[in-house]
Structure formats: C-alpha cells, structure tokens
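K.L.:
Handing over structure-v9.pdb, PDB, C-alpha atoms, pLDDT in the B column.
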MODEL        1
ATOM      1  CA  MET W   1      72.093  35.151 162.784  1.00 33.00           C
ATOM      2  CA  ASN W   2      70.248  38.348 163.584  1.00 43.00           C
ATOM      3  CA  HIS W   3      68.348  38.100 166.869  1.00 46.00           C
ATOM      4  CA  PRO W   4      65.454  40.388 167.729  1.00 49.00           C
ATOM      5  CA  ASN W   5      66.080  43.229 170.111  1.00 53.00           C
ATOM      6  CA  ILE W   6      64.237  43.015 173.416  1.00 51.00           C
ATOM      7  CA  THR W   7      62.651  46.412 172.762  1.00 50.00           C
ATOM      8  CA  GLU W   8      61.142  45.061 169.524  1.00 54.00           C
ATOM      9  CA  GLN W   9      59.157  42.365 171.349  1.00 53.00           C
ATOM     10  CA  GLU W  10      55.539  42.621 172.413  1.00 60.00           C
ATOM     11  CA  PRO W  11      55.395  43.141 176.165  1.00 57.00           C
ATOM     12  CA  ASP W  12      53.844  40.265 178.077  1.00 64.00           C
ATOM     13  CA  GLN W  13      52.904  41.934 181.303  1.00 64.00           C
ATOM     14  CA  SER W  14      49.906  42.911 183.344  1.00 65.00           C
ATOM     15  CA  PRO W  15      48.463  46.423 182.924  1.00 65.00           C
ATOM     16  CA  ASP W  16      49.670  47.407 186.388  1.00 70.00           C
ATOM     17  CA  PHE W  17      53.304  46.614 185.555  1.00 73.00           C
ATOM     18  CA  ARG W  18      55.525  49.669 185.878  1.00 78.00           C
ATOM     19  CA  LYS W  19      59.073  50.765 185.227  1.00 86.00           C
ATOM     20  CA  PRO W  20      61.788  49.532 187.621  1.00 86.00           C
ATOM     21  CA  THR W  21      61.820  51.505 190.832  1.00 90.00           C
ATOM     22  CA  GLU W  22      64.940  52.852 192.475  1.00 93.00           C
ATOM     23  CA  GLU W  23      64.759  49.901 194.878  1.00 94.00           C
ATOM     24  CA  VAL W  24      64.777  47.428 191.966  1.00 91.00           C
ATOM     25  CA  ILE W  25      67.726  49.206 190.357  1.00 92.00           C
ATOM     26  CA  ASN W  26      69.603  49.192 193.674  1.00 93.00           C
ATOM     27  CA  SER W  27      68.930  45.451 193.995  1.00 93.00           C
ATOM     28  CA  LEU W  28      70.304  44.917 190.498  1.00 91.00           C
ATOM     29  CA  GLU W  29      73.456  46.832 191.443  1.00 92.00           C
ATOM     30  CA  ARG W  30      73.846  44.624 194.539  1.00 93.00           C
ATOM     31  CA  LEU W  31      73.393  41.580 192.317  1.00 92.00           C
ATOM     32  CA  PHE W  32      76.324  42.790 190.192  1.00 92.00           C
ATOM     33  CA  ASP W  33      78.375  43.435 193.324  1.00 92.00           C
ATOM     34  CA  PHE W  34      78.099  39.712 194.026  1.00 92.00           C
ATOM     35  CA  ARG W  35      78.881  38.436 190.510  1.00 93.00           C
ATOM     36  CA  CYS W  36      79.717  40.093 187.213  1.00 92.00           C
ATOM     37  CA  PRO W  37      77.128  39.911 184.405  1.00 94.00           C
ATOM     38  CA  ARG W  38      79.295  37.470 182.419  1.00 95.00           C
ATOM     39  CA  ALA W  39      79.163  34.992 185.323  1.00 95.00           C
ATOM     40  CA  TYR W  40      75.356  35.132 185.445  1.00 95.00           C
ATOM     41  CA  GLN W  41      75.248  34.683 181.673  1.00 95.00           C
ATOM     42  CA  LYS W  42      77.530  31.634 181.900  1.00 96.00           C
ATOM     43  CA  HIS W  43      75.508  30.116 184.746  1.00 96.00           C
ATOM     44  CA  LEU W  44      72.240  30.599 182.859  1.00 96.00           C
ATOM     45  CA  HIS W  45      73.758  28.848 179.835  1.00 94.00           C
ATOM     46  CA  GLU W  46      74.806  25.922 182.037  1.00 96.00           C
ATOM     47  CA  VAL W  47      71.428  25.627 183.774  1.00 96.00           C
ATOM     48  CA  TRP W  48      69.615  25.939 180.439  1.00 95.00           C
ATOM     49  CA  GLY W  49      71.741  23.151 178.954  1.00 94.00           C
ATOM     50  CA  ILE W  50      71.031  20.858 181.894  1.00 95.00           C
ATOM     51  CA  TYR W  51      67.325  21.662 181.661  1.00 94.00           C
ATOM     52  CA  LEU W  52      67.295  20.848 177.941  1.00 94.00           C
ATOM     53  CA  MET W  53      68.943  17.505 178.608  1.00 93.00           C
ATOM     54  CA  TYR W  54      66.362  16.778 181.314  1.00 93.00           C
ATOM     55  CA  ILE W  55      63.340  17.591 179.169  1.00 93.00           C
ATOM     56  CA  GLU W  56      64.771  15.528 176.338  1.00 89.00           C
ATOM     57  CA  SER W  57      63.729  12.483 178.340  1.00 90.00           C
ATOM     58  CA  THR W  58      60.559  13.885 179.897  1.00 92.00           C
ATOM     59  CA  GLY W  59      59.098  15.876 177.013  1.00 89.00           C
ATOM     60  CA  LEU W  60      58.604  19.569 176.431  1.00 90.00           C
ATOM     61  CA  PRO W  61      56.398  21.460 178.863  1.00 91.00           C
ATOM     62  CA  TYR W  62      53.361  23.218 177.417  1.00 91.00           C
ATOM     63  CA  GLU W  63      54.920  26.679 177.867  1.00 93.00           C
ATOM     64  CA  PHE W  64      58.343  25.737 176.475  1.00 94.00           C
ATOM     65  CA  SER W  65      58.352  28.528 173.872  1.00 93.00           C
ATOM     66  CA  GLU W  66      57.727  31.108 176.577  1.00 94.00           C
ATOM     67  CA  ILE W  67      60.427  29.600 178.808  1.00 94.00           C
ATOM     68  CA  ALA W  68      62.926  29.537 175.930  1.00 94.00           C
ATOM     69  CA  GLU W  69      62.136  33.148 175.015  1.00 95.00           C
ATOM     70  CA  SER W  70      62.579  34.270 178.637  1.00 94.00           C
ATOM     71  CA  MET W  71      65.904  32.470 178.898  1.00 95.00           C
ATOM     72  CA  TYR W  72      67.058  34.036 175.634  1.00 95.00           C
ATOM     73  CA  PHE W  73      66.223  37.526 176.878  1.00 95.00           C
ATOM     74  CA  LEU W  74      67.878  36.935 180.265  1.00 95.00           C
ATOM     75  CA  ILE W  75      71.056  35.648 178.627  1.00 95.00           C
ATOM     76  CA  LYS W  76      71.065  38.585 176.176  1.00 95.00           C
ATOM     77  CA  PHE W  77      70.474  40.993 179.064  1.00 94.00           C
ATOM     78  CA  PHE W  78      73.527  39.737 180.936  1.00 94.00           C
ATOM     79  CA  GLU W  79      75.566  39.796 177.727  1.00 94.00           C
ATOM     80  CA  GLY W  80      74.578  43.429 177.128  1.00 93.00           C
ATOM     81  CA  ALA W  81      75.192  44.348 180.759  1.00 93.00           C
ATOM     82  CA  HIS W  82      78.668  42.844 180.534  1.00 93.00           C
ATOM     83  CA  GLU W  83      79.450  44.895 177.428  1.00 93.00           C
ATOM     84  CA  GLU W  84      78.104  48.084 179.013  1.00 91.00           C
ATOM     85  CA  MET W  85      79.978  47.549 182.291  1.00 89.00           C
ATOM     86  CA  LYS W  86      83.353  46.474 180.861  1.00 85.00           C
ATOM     87  CA  GLY W  87      86.054  48.585 182.453  1.00 74.00           C
ATOM     88  CA  SER W  88      83.622  50.104 184.962  1.00 56.00           C
ATOM     89  CA  GLY W  89      85.059  48.181 187.899  1.00 52.00           C
ATOM     90  CA  ASP W  90      82.840  45.098 187.607  1.00 45.00           C
ATOM     91  CA  GLY W  91      85.873  42.826 187.405  1.00 48.00           C
ATOM     92  CA  ALA W  92      84.770  41.260 184.119  1.00 44.00           C
ATOM     93  CA  ALA W  93      86.994  42.827 181.499  1.00 44.00           C
TER      94      ALA W  93
ENDMDL
END
Written as structure tokens, that's how I'd like the structure from this file.

P.N.:
Amino acid sequence: MNHPNITEQEPDQSPDFRKPTEEVINSLERLFDFRCPRAYQKHLHEVWGIYLMYIESTGLPYEFSEIAESMYFLIKFFEGAHEEMKGSGDGAA
C-alpha cells in the first residue's frame, strides 16, 4: 500500500503558523534523549489501538478523520525519524 507523503498533504494551519524555531528543534532533541523514535511510534500504536477499541462502543467522534490523519502522520514521523537516526547514537538500531 502506497501512503501519501506528509509533504504532499494540504497544510491545515493558521496563517500565522511558522517554521519550527531553534527552541522547538532543541525540545525535539530533548524528547529523543528521553526515548528513541521507535519507542514513541510503538506507544502511539498502542494508545491508538486502545482508543479505537474505546470508540467502538461509544461511536466515532465528529472529527475522527482528522484525528486518524494526525495519528497516521505522527506515527509516520516517528518511523522516519527512527530510520534517519539509526546508528546515530539514539540507541534504537
């Protein structure tokens, strides 16, 4: 299955949204000091699965498509980060 690339998607952001600042990038690096990208990817999969089981009994929220798309992009981001960082000392070879 061929999934769309994040860069091919229409941005859904306010006009005042800007590129990540150095502070945001530094925070992301600290995030990866705490856990490797593969761990975040795995945890998102687990939380997403639990959420899907929960909404099975309660019904889909109105914005489910948007939530699902966001989760997909987050999971793909961590997957890509893992591939990029393999062997760079992130402990997730």

K.L.:
Going by the chain IDs and residue numbers used in this file, which residues fall under the PyMOL selection byres ((chain W and resi 78) around 10)? Write them as a list in words.

P.N.:
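Here the PyMOL selection byres ((chain W and resi 78) around 10) matches Cys36, Pro37, Arg38, Ala39, Tyr40, Gln41, Lys42, Leu44, Phe73, Leu74, Ile75, Lys76, Phe77, Glu79, Gly80, Ala81, His82, Glu83 and Glu84 of chain W.
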
K.L.:
Run the PyMOL selection byres ((chain W and resi 48) around 12) against the file shown and list the residues it catches, as a ChimeraX atom specification.

P.N.:
/W:40-47,49-55,64,67-72,74-75

K.L.:
Using the file's own x, y and z axes, so that the box edges lie along x, y and z, what centre and edge lengths in Å (one decimal) does a box around every listed atom of segment 76-89 of chain W get when 5 Å is added on each side? Give it as JSON.

P.N.:
{"center_x": 78.3, "center_y": 44.3, "center_z": 182.0, "size_x": 25.6, "size_y": 21.5, "size_z": 21.7}

K.L.:
May I ask for the distance between atom CA of Glu29 of chain W and atom CA of Met85 of chain W, given in Å to one decimal place?

P.N.:
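Here the two named atoms are 11.3 Å from each other.
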